[in-house]
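Asks: One file is attached below, work08.cif, containing mmCIF, N, CA and C atoms.
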```cif
data_final
loop_
_atom_site.label_atom_id
_atom_site.label_comp_id
_atom_site.auth_asym_id
_atom_site.auth_seq_id
_atom_site.Cartn_x
_atom_site.Cartn_y
_atom_site.Cartn_z
N MET Q 967 6.34 -10.89 8.18
CA MET Q 967 5.29 -10.75 9.17
C MET Q 967 4.82 -9.30 9.28
N LYS Q 968 5.70 -8.36 9.04
CA LYS Q 968 5.32 -6.95 9.12
C LYS Q 968 4.23 -6.64 8.09
N GLU Q 969 4.37 -7.19 6.89
CA GLU Q 969 3.39 -6.94 5.84
C GLU Q 969 2.03 -7.50 6.21
N LEU Q 970 2.02 -8.69 6.82
CA LEU Q 970 0.76 -9.31 7.22
C LEU Q 970 0.06 -8.47 8.29
N SER Q 971 0.82 -7.97 9.25
CA SER Q 971 0.20 -7.16 10.29
C SER Q 971 -0.32 -5.84 9.72
N GLU Q 972 0.37 -5.28 8.72
CA GLU Q 972 -0.10 -4.05 8.07
C GLU Q 972 -1.38 -4.32 7.29
N LEU Q 973 -1.45 -5.47 6.61
CA LEU Q 973 -2.64 -5.84 5.86
C LEU Q 973 -3.82 -6.04 6.80
N MET Q 974 -3.59 -6.69 7.93
CA MET Q 974 -4.64 -6.89 8.92
C MET Q 974 -5.11 -5.56 9.50
N GLY Q 975 -4.18 -4.65 9.75
CA GLY Q 975 -4.53 -3.32 10.24
C GLY Q 975 -5.38 -2.56 9.24
N LEU Q 976 -5.02 -2.65 7.96
CA LEU Q 976 -5.79 -1.99 6.92
C LEU Q 976 -7.19 -2.57 6.84
N ALA Q 977 -7.30 -3.89 6.88
CA ALA Q 977 -8.61 -4.54 6.81
C ALA Q 977 -9.48 -4.15 7.99
N ASN Q 978 -8.91 -4.11 9.17
CA ASN Q 978 -9.67 -3.71 10.36
C ASN Q 978 -10.13 -2.25 10.27
N GLU Q 979 -9.27 -1.40 9.76
CA GLU Q 979 -9.62 0.02 9.60
C GLU Q 979 -10.75 0.19 8.58
N LEU Q 980 -10.68 -0.57 7.49
CA LEU Q 980 -11.75 -0.53 6.48
C LEU Q 980 -13.08 -0.94 7.10
N LYS Q 981 -13.07 -2.02 7.87
CA LYS Q 981 -14.31 -2.50 8.50
C LYS Q 981 -14.85 -1.47 9.49
N LYS Q 982 -13.95 -0.88 10.26
CA LYS Q 982 -14.34 0.14 11.25
C LYS Q 982 -15.02 1.33 10.59
N ARG Q 983 -14.57 1.69 9.38
CA ARG Q 983 -15.13 2.84 8.66
C ARG Q 983 -16.24 2.44 7.68
N ASN Q 984 -16.65 1.16 7.74
CA ASN Q 984 -17.73 0.64 6.89
C ASN Q 984 -17.40 0.67 5.39
N TYR Q 985 -16.16 0.36 5.06
CA TYR Q 985 -15.74 0.26 3.67
C TYR Q 985 -15.37 -1.18 3.34
N THR Q 986 -15.47 -1.51 2.06
CA THR Q 986 -15.04 -2.81 1.56
C THR Q 986 -14.19 -2.58 0.33
N VAL Q 987 -13.07 -3.29 0.24
CA VAL Q 987 -12.21 -3.25 -0.94
C VAL Q 987 -12.24 -4.64 -1.57
N ASN Q 988 -12.59 -4.68 -2.85
CA ASN Q 988 -12.58 -5.91 -3.62
C ASN Q 988 -11.43 -5.86 -4.61
N ILE Q 989 -10.65 -6.92 -4.68
CA ILE Q 989 -9.53 -6.98 -5.61
C ILE Q 989 -9.83 -8.04 -6.65
N PHE Q 990 -9.75 -7.63 -7.91
CA PHE Q 990 -10.07 -8.50 -9.03
C PHE Q 990 -8.82 -8.79 -9.85
N ASN Q 991 -8.79 -9.95 -10.47
CA ASN Q 991 -7.75 -10.33 -11.42
C ASN Q 991 -8.46 -10.98 -12.60
N ASN Q 992 -8.30 -10.39 -13.78
CA ASN Q 992 -8.99 -10.88 -14.97
C ASN Q 992 -10.50 -11.00 -14.75
N LYS Q 993 -11.10 -9.95 -14.18
CA LYS Q 993 -12.53 -9.83 -13.91
C LYS Q 993 -13.05 -10.86 -12.92
N LYS Q 994 -12.15 -11.50 -12.17
CA LYS Q 994 -12.55 -12.49 -11.16
C LYS Q 994 -12.14 -11.98 -9.78
N LEU Q 995 -13.09 -11.99 -8.85
CA LEU Q 995 -12.81 -11.55 -7.49
C LEU Q 995 -11.85 -12.53 -6.82
N ILE Q 996 -10.72 -12.01 -6.33
CA ILE Q 996 -9.75 -12.89 -5.68
C ILE Q 996 -9.57 -12.57 -4.20
N LEU Q 997 -9.92 -11.33 -3.78
CA LEU Q 997 -9.72 -10.93 -2.38
C LEU Q 997 -10.71 -9.85 -2.01
N ARG Q 998 -11.26 -9.94 -0.79
CA ARG Q 998 -12.17 -8.92 -0.26
C ARG Q 998 -11.70 -8.59 1.15
N MET Q 999 -11.65 -7.30 1.45
CA MET Q 999 -11.24 -6.84 2.78
C MET Q 999 -12.23 -5.79 3.28
N GLY Q 1000 -12.48 -5.81 4.58
CA GLY Q 1000 -13.31 -4.78 5.18
C GLY Q 1000 -14.68 -5.27 5.61
N LYS Q 1001 -15.66 -4.39 5.50
CA LYS Q 1001 -16.99 -4.60 6.05
C LYS Q 1001 -17.68 -5.84 5.52
N GLU Q 1002 -17.65 -6.09 4.22
CA GLU Q 1002 -18.40 -7.20 3.63
C GLU Q 1002 -17.62 -8.50 3.55
N ALA Q 1003 -16.40 -8.52 4.06
CA ALA Q 1003 -15.58 -9.74 4.01
C ALA Q 1003 -16.12 -10.78 4.98
N LYS Q 1004 -16.13 -12.02 4.53
CA LYS Q 1004 -16.54 -13.16 5.35
C LYS Q 1004 -15.32 -14.07 5.48
N PRO Q 1005 -14.49 -13.86 6.51
CA PRO Q 1005 -13.19 -14.54 6.59
C PRO Q 1005 -13.24 -16.05 6.77
N GLY Q 1006 -14.28 -16.60 7.37
CA GLY Q 1006 -14.34 -18.04 7.57
C GLY Q 1006 -13.19 -18.55 8.43
N LEU Q 1007 -12.41 -19.49 7.89
CA LEU Q 1007 -11.31 -20.09 8.65
C LEU Q 1007 -10.19 -19.10 8.95
N LEU Q 1008 -10.12 -18.02 8.21
CA LEU Q 1008 -9.05 -17.04 8.39
C LEU Q 1008 -9.46 -15.89 9.29
N SER Q 1009 -10.45 -16.09 10.15
CA SER Q 1009 -10.95 -15.00 10.98
C SER Q 1009 -9.89 -14.43 11.92
N ALA Q 1010 -8.84 -15.20 12.21
CA ALA Q 1010 -7.76 -14.69 13.05
C ALA Q 1010 -6.99 -13.57 12.37
N PHE Q 1011 -7.08 -13.49 11.05
CA PHE Q 1011 -6.37 -12.46 10.29
C PHE Q 1011 -7.22 -11.22 10.08
N GLY Q 1012 -8.40 -11.17 10.67
CA GLY Q 1012 -9.25 -10.01 10.54
C GLY Q 1012 -10.21 -10.16 9.39
N PRO Q 1013 -10.85 -9.06 9.01
CA PRO Q 1013 -11.85 -9.11 7.95
C PRO Q 1013 -11.23 -9.19 6.56
N ILE Q 1014 -10.61 -10.33 6.28
CA ILE Q 1014 -9.98 -10.57 4.97
C ILE Q 1014 -10.55 -11.87 4.43
N GLU Q 1015 -11.20 -11.80 3.26
CA GLU Q 1015 -11.79 -12.97 2.63
C GLU Q 1015 -10.99 -13.31 1.38
N ILE Q 1016 -10.38 -14.45 1.37
CA ILE Q 1016 -9.61 -14.90 0.21
C ILE Q 1016 -10.52 -15.75 -0.66
N LYS Q 1017 -10.72 -15.33 -1.89
CA LYS Q 1017 -11.59 -16.05 -2.81
C LYS Q 1017 -10.81 -17.00 -3.72
N ASP Q 1018 -9.57 -16.62 -4.08
CA ASP Q 1018 -8.76 -17.45 -4.97
C ASP Q 1018 -7.29 -17.31 -4.57
N LEU Q 1019 -6.85 -18.19 -3.69
CA LEU Q 1019 -5.48 -18.14 -3.18
C LEU Q 1019 -4.45 -18.34 -4.28
N ARG Q 1020 -4.72 -19.22 -5.20
CA ARG Q 1020 -3.79 -19.48 -6.30
C ARG Q 1020 -3.52 -18.23 -7.13
N ALA Q 1021 -4.58 -17.48 -7.42
CA ALA Q 1021 -4.44 -16.24 -8.20
C ALA Q 1021 -3.65 -15.19 -7.41
N ILE Q 1022 -3.90 -15.11 -6.11
CA ILE Q 1022 -3.16 -14.14 -5.27
C ILE Q 1022 -1.68 -14.49 -5.27
N LEU Q 1023 -1.36 -15.76 -5.08
CA LEU Q 1023 0.05 -16.19 -5.05
C LEU Q 1023 0.72 -15.97 -6.39
N SER Q 1024 -0.01 -16.13 -7.49
CA SER Q 1024 0.61 -15.91 -8.81
C SER Q 1024 0.93 -14.43 -9.02
N LEU Q 1025 0.13 -13.54 -8.43
CA LEU Q 1025 0.42 -12.10 -8.53
C LEU Q 1025 1.63 -11.72 -7.71
N LEU Q 1026 1.83 -12.39 -6.58
CA LEU Q 1026 2.97 -12.08 -5.70
C LEU Q 1026 4.27 -12.64 -6.22
N GLY Q 1027 4.21 -13.71 -6.98
CA GLY Q 1027 5.43 -14.40 -7.43
C GLY Q 1027 5.87 -14.04 -8.76
#
```
Before we go any further, please render this structure as structure tokens.
Replies:
Amino acid sequence: MKELSELMGLANELKKRNYTVNIFNNKKLILRMGKEAKPGLLSAFGPIEIKDLRAILSLLG
């Protein structure tokens, strides 16, 4: 849970400073955080847009 709160804090700080971070895997956008993120159902987690959850999980595992 500590990591999730740190990620949410980072995303909120990016949005506050008008920055966006895009994370790519094999030239495919998998995650966007900050100003341009459109969180949708995950809006409780802050400005974090997950584009490919499967790819994110494969990087973590």
Asks: Using DSSP assignments from the backbone, pull out every residue in chain Q that falls under strand (DSSP E) and give it to me as a PDB file with N, CA and C atoms, keeping the file's coordinate frame.
Replies:
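Output contents, as saved in out_5.pdb:
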```
ATOM      1  N   THR Q 986     -15.470  -1.510   2.060  1.00  0.00           N
ATOM      2  CA  THR Q 986     -15.040  -2.810   1.560  1.00  0.00           C
ATOM      3  C   THR Q 986     -14.190  -2.580   0.330  1.00  0.00           C
ATOM      4  N   VAL Q 987     -13.070  -3.290   0.240  1.00  0.00           N
ATOM      5  CA  VAL Q 987     -12.210  -3.250  -0.940  1.00  0.00           C
ATOM      6  C   VAL Q 987     -12.240  -4.640  -1.570  1.00  0.00           C
ATOM      7  N   ASN Q 988     -12.590  -4.680  -2.850  1.00  0.00           N
ATOM      8  CA  ASN Q 988     -12.580  -5.910  -3.620  1.00  0.00           C
ATOM      9  C   ASN Q 988     -11.430  -5.860  -4.610  1.00  0.00           C
ATOM     10  N   ILE Q 989     -10.650  -6.920  -4.680  1.00  0.00           N
ATOM     11  CA  ILE Q 989      -9.530  -6.980  -5.610  1.00  0.00           C
ATOM     12  C   ILE Q 989      -9.830  -8.040  -6.650  1.00  0.00           C
ATOM     13  N   PHE Q 990      -9.750  -7.630  -7.910  1.00  0.00           N
ATOM     14  CA  PHE Q 990     -10.070  -8.500  -9.030  1.00  0.00           C
ATOM     15  C   PHE Q 990      -8.820  -8.790  -9.850  1.00  0.00           C
ATOM     16  N   ASN Q 991      -8.790  -9.950 -10.470  1.00  0.00           N
ATOM     17  CA  ASN Q 991      -7.750 -10.330 -11.420  1.00  0.00           C
ATOM     18  C   ASN Q 991      -8.460 -10.980 -12.600  1.00  0.00           C
ATOM     19  N   LYS Q 994     -12.150 -11.500 -12.170  1.00  0.00           N
ATOM     20  CA  LYS Q 994     -12.550 -12.490 -11.160  1.00  0.00           C
ATOM     21  C   LYS Q 994     -12.140 -11.980  -9.780  1.00  0.00           C
ATOM     22  N   LEU Q 995     -13.090 -11.990  -8.850  1.00  0.00           N
ATOM     23  CA  LEU Q 995     -12.810 -11.550  -7.490  1.00  0.00           C
ATOM     24  C   LEU Q 995     -11.850 -12.530  -6.820  1.00  0.00           C
ATOM     25  N   ILE Q 996     -10.720 -12.010  -6.330  1.00  0.00           N
ATOM     26  CA  ILE Q 996      -9.750 -12.890  -5.680  1.00  0.00           C
ATOM     27  C   ILE Q 996      -9.570 -12.570  -4.200  1.00  0.00           C
ATOM     28  N   LEU Q 997      -9.920 -11.330  -3.780  1.00  0.00           N
ATOM     29  CA  LEU Q 997      -9.720 -10.930  -2.380  1.00  0.00           C
ATOM     30  C   LEU Q 997     -10.710  -9.850  -2.010  1.00  0.00           C
ATOM     31  N   ARG Q 998     -11.260  -9.940  -0.790  1.00  0.00           N
ATOM     32  CA  ARG Q 998     -12.170  -8.920  -0.260  1.00  0.00           C
ATOM     33  C   ARG Q 998     -11.700  -8.590   1.150  1.00  0.00           C
ATOM     34  N   MET Q 999     -11.650  -7.300   1.450  1.00  0.00           N
ATOM     35  CA  MET Q 999     -11.240  -6.840   2.780  1.00  0.00           C
ATOM     36  C   MET Q 999     -12.230  -5.790   3.280  1.00  0.00           C
ATOM     37  N   GLY Q1000     -12.480  -5.810   4.580  1.00  0.00           N
ATOM     38  CA  GLY Q1000     -13.310  -4.780   5.180  1.00  0.00           C
ATOM     39  C   GLY Q1000     -14.680  -5.270   5.610  1.00  0.00           C
ATOM     40  N   ILE Q1014     -10.610 -10.330   6.280  1.00  0.00           N
ATOM     41  CA  ILE Q1014      -9.980 -10.570   4.970  1.00  0.00           C
ATOM     42  C   ILE Q1014     -10.550 -11.870   4.430  1.00  0.00           C
ATOM     43  N   GLU Q1015     -11.200 -11.800   3.260  1.00  0.00           N
ATOM     44  CA  GLU Q1015     -11.790 -12.970   2.630  1.00  0.00           C
ATOM     45  C   GLU Q1015     -10.990 -13.310   1.380  1.00  0.00           C
ATOM     46  N   ILE Q1016     -10.380 -14.450   1.370  1.00  0.00           N
ATOM     47  CA  ILE Q1016      -9.610 -14.900   0.210  1.00  0.00           C
ATOM     48  C   ILE Q1016     -10.520 -15.750  -0.660  1.00  0.00           C
TER      49      ILE Q1016
END
```
Asks: What does the structure give for the distance between atom CA of Q:Gly1012 and atom CA of Q:Leu973, in Å to one decimal?
Replies: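 For atom CA of Q:Gly1012 relative to atom CA of Q:Leu973, the distance reads 9.1 Å.
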Asks: Just the number, please: distance in Å from atom C of Q:Leu1019 to atom C of Q:Glu979, one decimal.
Replies: 23.4 Å
Asks: For the structure shown, which residues end up in the PyMOL selection byres (((chain Q and resi 994-1002 and name CA) around 6) and name CA)? Put them as a list in words, please?
Replies: Ala977, Leu980, Lys981, Asn984, Tyr985, Thr986, Val987, Asn988, Ile989, Phe990, Asn991, Asn992, Lys993, Ala1003, Pro1013, Ile1014, Glu1015, Ile1016, Lys1017 and Asp1018 of chain Q
Asks: What gap, in Å, lies between atom CA of Q:Gly975 and atom CA of Q:Phe1011?
Replies: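 Straight-line distance from atom CA of Q:Gly975 to atom CA of Q:Phe1011 works out to 9.3 Å.
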